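Asker: Below is work_23.pdb; it holds PDB, C-alpha atoms.
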```pdb
MODEL        1
ATOM      1  CA  GLY A  20      69.778  96.895  97.174
ATOM      2  CA  THR A  21      70.077  99.562  99.823
ATOM      3  CA  PHE A  22      70.956  99.017 103.480
ATOM      4  CA  SER A  23      69.702 101.846 105.681
ATOM      5  CA  ALA A  24      71.894 103.628 108.175
ATOM      6  CA  GLN A  25      71.065 103.079 111.828
ATOM      7  CA  GLY A  26      70.432 106.281 113.732
ATOM      8  CA  VAL A  27      71.566 109.566 112.238
ATOM      9  CA  ARG A  28      72.847 109.127 108.708
ATOM     10  CA  ARG A  29      76.534 110.086 108.522
ATOM     11  CA  GLY A  30      77.135 109.116 104.920
ATOM     12  CA  ARG A  31      76.075 107.224 101.832
ATOM     13  CA  VAL A  32      78.379 104.797 100.054
ATOM     14  CA  ALA A  33      78.281 102.138  97.387
ATOM     15  CA  ILE A  34      80.053  98.845  97.971
ATOM     16  CA  LEU A  35      81.453  96.623  95.255
ATOM     17  CA  ALA A  36      79.700  93.260  95.186
ATOM     18  CA  GLY A  37      82.260  91.925  92.708
ATOM     19  CA  CYS A  38      82.322  88.496  91.122
ATOM     20  CA  ALA A  39      84.722  86.206  93.008
ATOM     21  CA  GLN A  40      84.253  87.389  96.591
ATOM     22  CA  PRO A  41      80.493  86.714  96.793
ATOM     23  CA  VAL A  42      81.325  83.072  96.033
ATOM     24  CA  LEU A  43      84.582  82.662  97.954
ATOM     25  CA  ARG A  44      83.972  84.848 101.036
ATOM     26  CA  PRO A  45      80.469  86.354 101.057
ATOM     27  CA  GLY A  46      80.757  87.103 104.766
ATOM     28  CA  ILE A  47      83.292  89.874 104.162
ATOM     29  CA  ASN A  48      80.895  92.282 102.467
ATOM     30  CA  GLU A  49      78.062  91.224 104.765
ATOM     31  CA  ALA A  50      80.181  92.130 107.808
ATOM     32  CA  ALA A  51      81.291  95.413 106.212
ATOM     33  CA  ILE A  52      77.675  96.371 105.520
ATOM     34  CA  ARG A  53      76.636  95.543 109.116
ATOM     35  CA  LEU A  54      79.482  97.631 110.520
ATOM     36  CA  LEU A  55      78.873 100.579 108.191
ATOM     37  CA  THR A  56      75.123 100.706 108.861
ATOM     38  CA  ARG A  57      75.772 100.520 112.644
ATOM     39  CA  LEU A  58      78.073 103.524 112.206
ATOM     40  CA  GLY A  59      75.295 105.497 110.479
ATOM     41  CA  VAL A  60      76.245 104.900 106.850
ATOM     42  CA  GLU A  61      73.697 104.021 104.185
ATOM     43  CA  VAL A  62      75.162 101.330 101.915
ATOM     44  CA  VAL A  63      74.104 100.755  98.320
ATOM     45  CA  VAL A  64      74.852  97.722  96.186
ATOM     46  CA  ALA A  65      74.280  99.394  92.837
ATOM     47  CA  GLU A  66      72.218  97.515  90.297
ATOM     48  CA  GLY A  67      74.340  96.625  87.284
ATOM     49  CA  ALA A  68      77.677  96.796  89.098
ATOM     50  CA  GLY A  69      79.661  93.584  89.242
ATOM     51  CA  CYS A  70      83.096  92.329  88.313
ATOM     52  CA  CYS A  71      85.668  95.137  88.431
ATOM     53  CA  GLY A  72      87.511  93.826  85.378
ATOM     54  CA  SER A  73      90.850  93.158  87.039
ATOM     55  CA  LEU A  74      90.895  89.410  86.350
ATOM     56  CA  THR A  75      90.280  89.840  82.630
ATOM     57  CA  HIS A  76      92.635  92.841  82.560
ATOM     58  CA  HIS A  77      95.434  90.726  84.049
ATOM     59  CA  MET A  78      94.783  88.012  81.447
ATOM     60  CA  GLY A  79      95.146  90.580  78.647
ATOM     61  CA  LEU A  80      91.441  90.459  77.720
ATOM     62  CA  GLU A  81      91.199  94.225  77.455
ATOM     63  CA  ASP A  82      87.766  94.406  75.779
ATOM     64  CA  ALA A  83      86.191  92.289  78.522
ATOM     65  CA  ALA A  84      87.975  94.274  81.242
ATOM     66  CA  LEU A  85      86.775  97.586  79.836
ATOM     67  CA  ALA A  86      83.216  96.248  79.463
ATOM     68  CA  SER A  87      83.184  95.315  83.167
ATOM     69  CA  ALA A  88      84.590  98.713  84.093
ATOM     70  CA  ARG A  89      81.979 100.523  81.991
ATOM     71  CA  ALA A  90      79.162  98.573  83.658
ATOM     72  CA  ASN A  91      80.436  99.607  87.102
ATOM     73  CA  ILE A  92      81.033 103.201  86.093
ATOM     74  CA  ALA A  93      77.497 103.458  84.688
ATOM     75  CA  ALA A  94      75.914 101.828  87.766
ATOM     76  CA  TRP A  95      77.822 103.956  90.285
ATOM     77  CA  HIS A  96      77.393 107.142  88.300
ATOM     78  CA  ARG A  97      73.610 106.601  88.393
ATOM     79  CA  GLU A  98      73.890 106.416  92.202
ATOM     80  CA  ILE A  99      76.083 109.533  92.284
ATOM     81  CA  GLU A 100      73.426 111.428  90.332
ATOM     82  CA  ALA A 101      70.425 109.930  92.157
ATOM     83  CA  GLY A 102      71.383 110.208  95.817
ATOM     84  CA  GLY A 103      75.047 111.137  95.920
ATOM     85  CA  LEU A 104      77.883 108.916  97.067
ATOM     86  CA  ASP A 105      80.539 109.892  99.572
ATOM     87  CA  ALA A 106      82.626 106.910  98.530
ATOM     88  CA  ILE A 107      82.680 103.695  96.565
ATOM     89  CA  LEU A 108      84.030 101.089  98.949
ATOM     90  CA  VAL A 109      85.944  97.997  98.030
ATOM     91  CA  THR A 110      86.783  95.139 100.390
ATOM     92  CA  THR A 111      89.022  93.290  97.904
ATOM     93  CA  SER A 112      92.361  95.012  97.456
ATOM     94  CA  GLY A 113      93.021  93.852  93.891
ATOM     95  CA  CYS A 114      89.645  95.206  92.814
ATOM     96  CA  GLY A 115      90.280  98.456  94.657
ATOM     97  CA  THR A 116      93.523  98.944  92.761
ATOM     98  CA  THR A 117      91.719  98.509  89.446
ATOM     99  CA  ILE A 118      88.742 100.723  90.315
ATOM    100  CA  LYS A 119      91.048 103.497  91.497
ATOM    101  CA  ASP A 120      92.624 103.220  88.042
ATOM    102  CA  TYR A 121      89.374 103.639  86.055
ATOM    103  CA  GLY A 122      90.058 107.349  85.562
ATOM    104  CA  TYR A 123      93.410 106.529  83.981
ATOM    105  CA  MET A 124      92.012 103.636  81.934
ATOM    106  CA  PHE A 125      89.435 105.945  80.321
ATOM    107  CA  ARG A 126      91.524 109.140  80.186
ATOM    108  CA  ALA A 127      91.455 109.248  76.370
ATOM    109  CA  ASP A 128      87.788 108.267  75.997
ATOM    110  CA  PRO A 129      85.635 111.398  75.846
ATOM    111  CA  ALA A 130      82.428 109.391  76.359
ATOM    112  CA  TRP A 131      83.621 107.841  79.648
ATOM    113  CA  ARG A 132      86.466 110.043  80.935
ATOM    114  CA  GLU A 133      84.499 112.256  83.344
ATOM    115  CA  ARG A 134      82.329 109.487  84.773
ATOM    116  CA  ALA A 135      85.354 107.186  85.190
ATOM    117  CA  LYS A 136      87.241 109.935  87.024
ATOM    118  CA  ALA A 137      84.232 110.593  89.288
ATOM    119  CA  VAL A 138      84.229 106.902  90.217
ATOM    120  CA  SER A 139      87.996 106.689  90.744
ATOM    121  CA  ASP A 140      87.948 109.839  92.859
ATOM    122  CA  ARG A 141      85.421 108.187  95.206
ATOM    123  CA  ALA A 142      86.992 104.719  95.295
ATOM    124  CA  LEU A 143      88.383 103.741  98.702
ATOM    125  CA  ASP A 144      89.415 100.599 100.454
ATOM    126  CA  VAL A 145      86.901 100.037 103.237
ATOM    127  CA  THR A 146      89.659 100.650 105.817
ATOM    128  CA  GLU A 147      90.395 104.084 104.352
ATOM    129  CA  TYR A 148      86.756 105.091 104.763
ATOM    130  CA  LEU A 149      86.457 103.615 108.255
ATOM    131  CA  SER A 150      89.618 105.486 109.287
ATOM    132  CA  ARG A 151      87.937 108.753 108.344
ATOM    133  CA  LEU A 152      84.720 107.785 110.089
ATOM    134  CA  GLY A 153      86.154 106.287 113.282
ATOM    135  CA  LEU A 154      84.892 103.308 115.214
ATOM    136  CA  VAL A 155      82.741 103.136 118.323
ATOM    137  CA  PRO A 156      85.059 102.690 121.329
ATOM    138  CA  ILE A 157      85.306  99.137 122.628
ATOM    139  CA  SER A 158      84.358  98.810 126.293
ATOM    140  CA  HIS A 159      85.643  95.252 126.778
ATOM    141  CA  PRO A 160      88.589  94.455 124.488
ATOM    142  CA  ALA A 161      89.063  90.748 123.817
ATOM    143  CA  GLY A 162      92.791  91.013 124.512
ATOM    144  CA  LEU A 163      93.652  89.074 121.381
ATOM    145  CA  ARG A 164      96.897  89.520 119.447
ATOM    146  CA  VAL A 165      96.662  89.552 115.663
ATOM    147  CA  ALA A 166      99.349  89.517 113.009
ATOM    148  CA  TYR A 167      98.677  91.994 110.221
ATOM    149  CA  HIS A 168     100.130  91.718 106.733
ATOM    150  CA  ALA A 169      98.778  93.962 103.990
ATOM    151  CA  ALA A 170      98.022  92.391 100.642
ATOM    152  CA  CYS A 171     100.498  93.441  97.958
ATOM    153  CA  SER A 172      97.742  95.124  95.947
ATOM    154  CA  LEU A 173      96.722  97.110  99.035
ATOM    155  CA  GLN A 174     100.175  98.329 100.057
ATOM    156  CA  HIS A 175     101.772  98.671  96.621
ATOM    157  CA  GLY A 176      98.831  99.156  94.253
ATOM    158  CA  GLN A 177      96.724 101.432  96.471
ATOM    159  CA  LYS A 178      99.461 102.736  98.811
ATOM    160  CA  VAL A 179      97.293 101.851 101.832
ATOM    161  CA  THR A 180      99.767 100.819 104.503
ATOM    162  CA  GLU A 181      98.591 102.267 107.817
ATOM    163  CA  ALA A 182      94.780 102.551 107.852
ATOM    164  CA  PRO A 183      93.983  98.948 108.858
ATOM    165  CA  LYS A 184      96.308  98.806 111.880
ATOM    166  CA  PRO A 185      94.771 101.631 113.970
ATOM    167  CA  LEU A 186      91.324 100.219 113.182
ATOM    168  CA  LEU A 187      92.370  96.842 114.555
ATOM    169  CA  ARG A 188      93.731  98.557 117.666
ATOM    170  CA  GLU A 189      90.487 100.537 118.056
ATOM    171  CA  ALA A 190      88.628  97.221 117.856
ATOM    172  CA  GLY A 191      90.610  96.028 120.880
ATOM    173  CA  PHE A 192      93.349  93.939 119.268
ATOM    174  CA  THR A 193      97.082  94.031 119.897
ATOM    175  CA  VAL A 194      98.559  94.306 116.408
ATOM    176  CA  LEU A 195     101.784  92.598 115.406
ATOM    177  CA  ASN A 196     103.319  93.810 112.146
ATOM    178  CA  VAL A 197     104.370  91.214 109.632
ATOM    179  CA  PRO A 198     106.752  92.511 106.943
TER     180      PRO A 198
ENDMDL
END
```
Using structure tokens, write down the structure from this file.

Answerer:
Amino acid sequence: GTFSAQGVRRGRVAILAGCAQPVLRPGINEAAIRLLTRLGVEVVVAEGAGCCGSLTHHMGLEDAALASARANIAAWHREIEAGGLDAILVTTSGCGTTIKDYGYMFRADPAWRERAKAVSDRALDVTEYLSRLGLVPISHPAGLRVAYHAACSLQHGQKVTEAPKPLLREAGFTVLNVP
């Protein structure tokens, strides 16, 4: 489905629906979509996209992992061709690490190499995209202190270490770093 941008459209992105998160924490993507559309971003949940393949990849089930990756690549590439995508956003860090690796996974496959690279080149953690976009200033900060610890797959797999902290500060939180 497509979620329209509010006001002037500032961008168009796809968001990974995934397989585990919709069951375990469906509110995460729902909140991300609400925030993005309020910021003027059209959000697409591409038909045919689903599990990123990281779970099966980690279990050594390479054929299943590559099948999941191909389904996502095909779905997102259709969106790239149809209406363009500024980014493919991921709210689950382990999935983001895998999707950013699609270009490498298919580097020797002439049938999928270019499309996989186009997907990987657009893949971002949602905090990376929001950092580029900027948040609406908070007029009445809640004054809450939060402890922030990046998931291992976010800080080591994706090398995203700083983007979330300024966003939390912009949202009115005092951020405590947890090593």

Asker: Let me know the residues the PyMOL selection byres ((chain A and resi 136-139) around 10) catches in the file above, as a compact mmCIF listing (two decimals) with C-alpha atoms, keeping the file's coordinate frame.

Answerer:
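Written out: selection-v9.txt:
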```txt
# COMPACT_ATOMS: atom_id res chain seq x y z
CA ASN A 91 80.44 99.61 87.10
CA ILE A 92 81.03 103.20 86.09
CA ALA A 93 77.50 103.46 84.69
CA TRP A 95 77.82 103.96 90.28
CA HIS A 96 77.39 107.14 88.30
CA ILE A 99 76.08 109.53 92.28
CA LEU A 104 77.88 108.92 97.07
CA ALA A 106 82.63 106.91 98.53
CA ILE A 107 82.68 103.70 96.56
CA GLY A 115 90.28 98.46 94.66
CA THR A 116 93.52 98.94 92.76
CA THR A 117 91.72 98.51 89.45
CA ILE A 118 88.74 100.72 90.32
CA LYS A 119 91.05 103.50 91.50
CA ASP A 120 92.62 103.22 88.04
CA TYR A 121 89.37 103.64 86.06
CA GLY A 122 90.06 107.35 85.56
CA TYR A 123 93.41 106.53 83.98
CA MET A 124 92.01 103.64 81.93
CA PHE A 125 89.44 105.94 80.32
CA ARG A 126 91.52 109.14 80.19
CA TRP A 131 83.62 107.84 79.65
CA ARG A 132 86.47 110.04 80.94
CA GLU A 133 84.50 112.26 83.34
CA ARG A 134 82.33 109.49 84.77
CA ALA A 135 85.35 107.19 85.19
CA ASP A 140 87.95 109.84 92.86
CA ARG A 141 85.42 108.19 95.21
CA ALA A 142 86.99 104.72 95.30
CA LEU A 143 88.38 103.74 98.70
```

Asker: Identify all residues satisfying the PyMOL selection byres ((chain A and resi 157) around 12) in the given file; provide them as an NGL selection string.

Answerer: :A and (153-156 or 158-162 or 186-192)

Asker: Output C-alpha atoms of each residue in that selection to a file, as a short mmCIF file (atom, residue, chain, number, x, y, z; two decimals), in the frame of the given file.

Answerer:
```cif
data_model
loop_
_atom_site.label_atom_id
_atom_site.label_comp_id
_atom_site.auth_asym_id
_atom_site.auth_seq_id
_atom_site.Cartn_x
_atom_site.Cartn_y
_atom_site.Cartn_z
CA GLY A 153 86.15 106.29 113.28
CA LEU A 154 84.89 103.31 115.21
CA VAL A 155 82.74 103.14 118.32
CA PRO A 156 85.06 102.69 121.33
CA SER A 158 84.36 98.81 126.29
CA HIS A 159 85.64 95.25 126.78
CA PRO A 160 88.59 94.46 124.49
CA ALA A 161 89.06 90.75 123.82
CA GLY A 162 92.79 91.01 124.51
CA LEU A 186 91.32 100.22 113.18
CA LEU A 187 92.37 96.84 114.56
CA ARG A 188 93.73 98.56 117.67
CA GLU A 189 90.49 100.54 118.06
CA ALA A 190 88.63 97.22 117.86
CA GLY A 191 90.61 96.03 120.88
CA PHE A 192 93.35 93.94 119.27
#
```

Asker: Using all atoms listed in the file, which residue out of A:Val60, A:Ala88, A:Leu43, A:Ala101 lies closest to Ser73 of chain A?

Answerer: A:Ala88

Asker: Pull out every residue that the PyMOL selection byres ((chain A and resi 146) around 9) matches in the shown coordinates and put them as a VMD selection string.

Answerer: chain A and resid 108 110 143 to 145 147 to 151 179 182 to 183 186

Asker: Using only C-alpha atoms and a cutoff of 12 Å, can you tell me which residues are near (92.2, 87.3, 87.7) in the file's coordinates, and write them out as a list in words?

Answerer: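 The residues near that point, listed by chain and number, are Cys38, Ala39, Gln40, Cys70, Cys71, Gly72, Ser73, Leu74, Thr75, His76, His77, Met78, Gly79, Leu80, Ala84, Gly113, Cys114 and Thr117 of chain A.
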
Asker: Hey, can you check how far atom CA of Val194 of chain A sits from atom CA of Leu163 of chain A?

Answerer: 8.7 Å

Asker: When you look at Gly102 of chain A with a cut-off of 10 Å (counting only C-alpha atoms), what residues show up, excluding the ones that are within fewer than 5 positions of it in the same chain? I need them as a ChimeraX atom specification.

Answerer: /A:31-32,97

Asker: Using the file's own x, y and z axes, so that the box edges lie along x, y and z, what centre and edge lengths in Å (one decimal) does a box around every listed atom of segment 99-111 of chain A get when 5 Å is added on each side? Give it as lines of an AutoDock Vina configuration file.

Answerer:
```
center_x = 79.7
center_y = 102.4
center_z = 95.4
size_x = 28.6
size_y = 28.1
size_z = 20.1
```

Asker: Would you please work out which residue, of A:Val109, A:Val165, A:Val62, A:Ala68, is nearest to Arg29 of chain A when using all atoms listed in the file?

Answerer: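 The answer is A:Val62, which sits nearest to Arg29 of chain A.
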
Asker: Every residue with an atom at most 6 Å from (80.0, 98.2, 97.7) (file coordinates; all atoms listed in the file) is what I'm after, so could you write them as an MDAnalysis selection string?

Answerer: chainID A and resid 33:36 64 108:109

Asker: For those residues, write C-alpha atoms to a file as a CSV table (one decimal), in the frame of the given file.

Answerer:
```
chain,number,residue,atom,x,y,z
A,33,ALA,CA,78.3,102.1,97.4
A,34,ILE,CA,80.1,98.8,98.0
A,35,LEU,CA,81.5,96.6,95.3
A,36,ALA,CA,79.7,93.3,95.2
A,64,VAL,CA,74.9,97.7,96.2
A,108,LEU,CA,84.0,101.1,98.9
A,109,VAL,CA,85.9,98.0,98.0
```

Asker: Rounded to one decimal, what separation in Å do you get between atom CA of Gly37 of chain A and atom CA of Arg53 of chain A?

Answerer: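 Rounded to one decimal, the two atoms are 17.7 Å apart.
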
Asker: Just how far from atom CA of Pro45 of chain A is atom CA of Leu85 of chain A, in Å to one decimal?

Answerer: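 Taking atom CA of Leu85 of chain A as the start and atom CA of Pro45 of chain A as the end point, the length is 24.8 Å.
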
Asker: From the set A:Arg164, A:Glu98, A:Gly69, A:Cys171, which residue has the shortest atom-to-atom contact distance to Lys184 of chain A, counting all atoms listed in the file?

Answerer: A:Arg164

Asker: Counting all atoms listed in the file, which residue out of A:Arg89, A:Ala170, A:Ala127, A:Asn48 sits closest to Gly67 of chain A?

Answerer: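 When distances to Gly67 of chain A are compared using all atoms listed in the file, the smallest one comes from A:Arg89.
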
Asker: Take segment 75-89 of chain A, model N, CA and C atoms, and hand the result over as a PDB file, keeping the file's coordinate frame.

Answerer:
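Writing done, so here's out_19.pdb:
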```
ATOM      1  N   THR A  75      90.138  89.861  84.088  1.00  0.00           N
ATOM      2  CA  THR A  75      90.280  89.840  82.630  1.00  0.00           C
ATOM      3  C   THR A  75      91.393  90.792  82.173  1.00  0.00           C
ATOM      4  N   HIS A  76      91.558  91.890  82.874  1.00  0.00           N
ATOM      5  CA  HIS A  76      92.635  92.841  82.560  1.00  0.00           C
ATOM      6  C   HIS A  76      93.998  92.163  82.712  1.00  0.00           C
ATOM      7  N   HIS A  77      94.167  91.411  83.796  1.00  0.00           N
ATOM      8  CA  HIS A  77      95.434  90.726  84.049  1.00  0.00           C
ATOM      9  C   HIS A  77      95.682  89.603  83.054  1.00  0.00           C
ATOM     10  N   MET A  78      94.623  89.064  82.464  1.00  0.00           N
ATOM     11  CA  MET A  78      94.783  88.012  81.447  1.00  0.00           C
ATOM     12  C   MET A  78      94.971  88.600  80.052  1.00  0.00           C
ATOM     13  N   GLY A  79      94.968  89.938  79.943  1.00  0.00           N
ATOM     14  CA  GLY A  79      95.146  90.580  78.647  1.00  0.00           C
ATOM     15  C   GLY A  79      93.872  90.666  77.824  1.00  0.00           C
ATOM     16  N   LEU A  80      92.727  90.384  78.421  1.00  0.00           N
ATOM     17  CA  LEU A  80      91.441  90.459  77.720  1.00  0.00           C
ATOM     18  C   LEU A  80      90.871  91.862  77.918  1.00  0.00           C
ATOM     19  N   GLU A  81      91.483  92.805  77.226  1.00  0.00           N
ATOM     20  CA  GLU A  81      91.199  94.225  77.455  1.00  0.00           C
ATOM     21  C   GLU A  81      89.754  94.603  77.167  1.00  0.00           C
ATOM     22  N   ASP A  82      89.155  94.067  76.107  1.00  0.00           N
ATOM     23  CA  ASP A  82      87.766  94.406  75.779  1.00  0.00           C
ATOM     24  C   ASP A  82      86.817  93.975  76.906  1.00  0.00           C
ATOM     25  N   ALA A  83      87.037  92.778  77.426  1.00  0.00           N
ATOM     26  CA  ALA A  83      86.191  92.289  78.522  1.00  0.00           C
ATOM     27  C   ALA A  83      86.416  93.119  79.784  1.00  0.00           C
ATOM     28  N   ALA A  84      87.664  93.462  80.057  1.00  0.00           N
ATOM     29  CA  ALA A  84      87.975  94.274  81.242  1.00  0.00           C
ATOM     30  C   ALA A  84      87.303  95.633  81.156  1.00  0.00           C
ATOM     31  N   LEU A  85      87.382  96.265  80.005  1.00  0.00           N
ATOM     32  CA  LEU A  85      86.775  97.586  79.836  1.00  0.00           C
ATOM     33  C   LEU A  85      85.248  97.516  79.879  1.00  0.00           C
ATOM     34  N   ALA A  86      84.675  96.415  79.386  1.00  0.00           N
ATOM     35  CA  ALA A  86      83.216  96.248  79.463  1.00  0.00           C
ATOM     36  C   ALA A  86      82.769  96.153  80.925  1.00  0.00           C
ATOM     37  N   SER A  87      83.515  95.407  81.733  1.00  0.00           N
ATOM     38  CA  SER A  87      83.184  95.315  83.167  1.00  0.00           C
ATOM     39  C   SER A  87      83.313  96.675  83.831  1.00  0.00           C
ATOM     40  N   ALA A  88      84.382  97.389  83.517  1.00  0.00           N
ATOM     41  CA  ALA A  88      84.590  98.713  84.093  1.00  0.00           C
ATOM     42  C   ALA A  88      83.460  99.661  83.698  1.00  0.00           C
ATOM     43  N   ARG A  89      83.070  99.644  82.443  1.00  0.00           N
ATOM     44  CA  ARG A  89      81.979 100.523  81.991  1.00  0.00           C
ATOM     45  C   ARG A  89      80.678 100.226  82.735  1.00  0.00           C
TER      46      ARG A  89
END
```
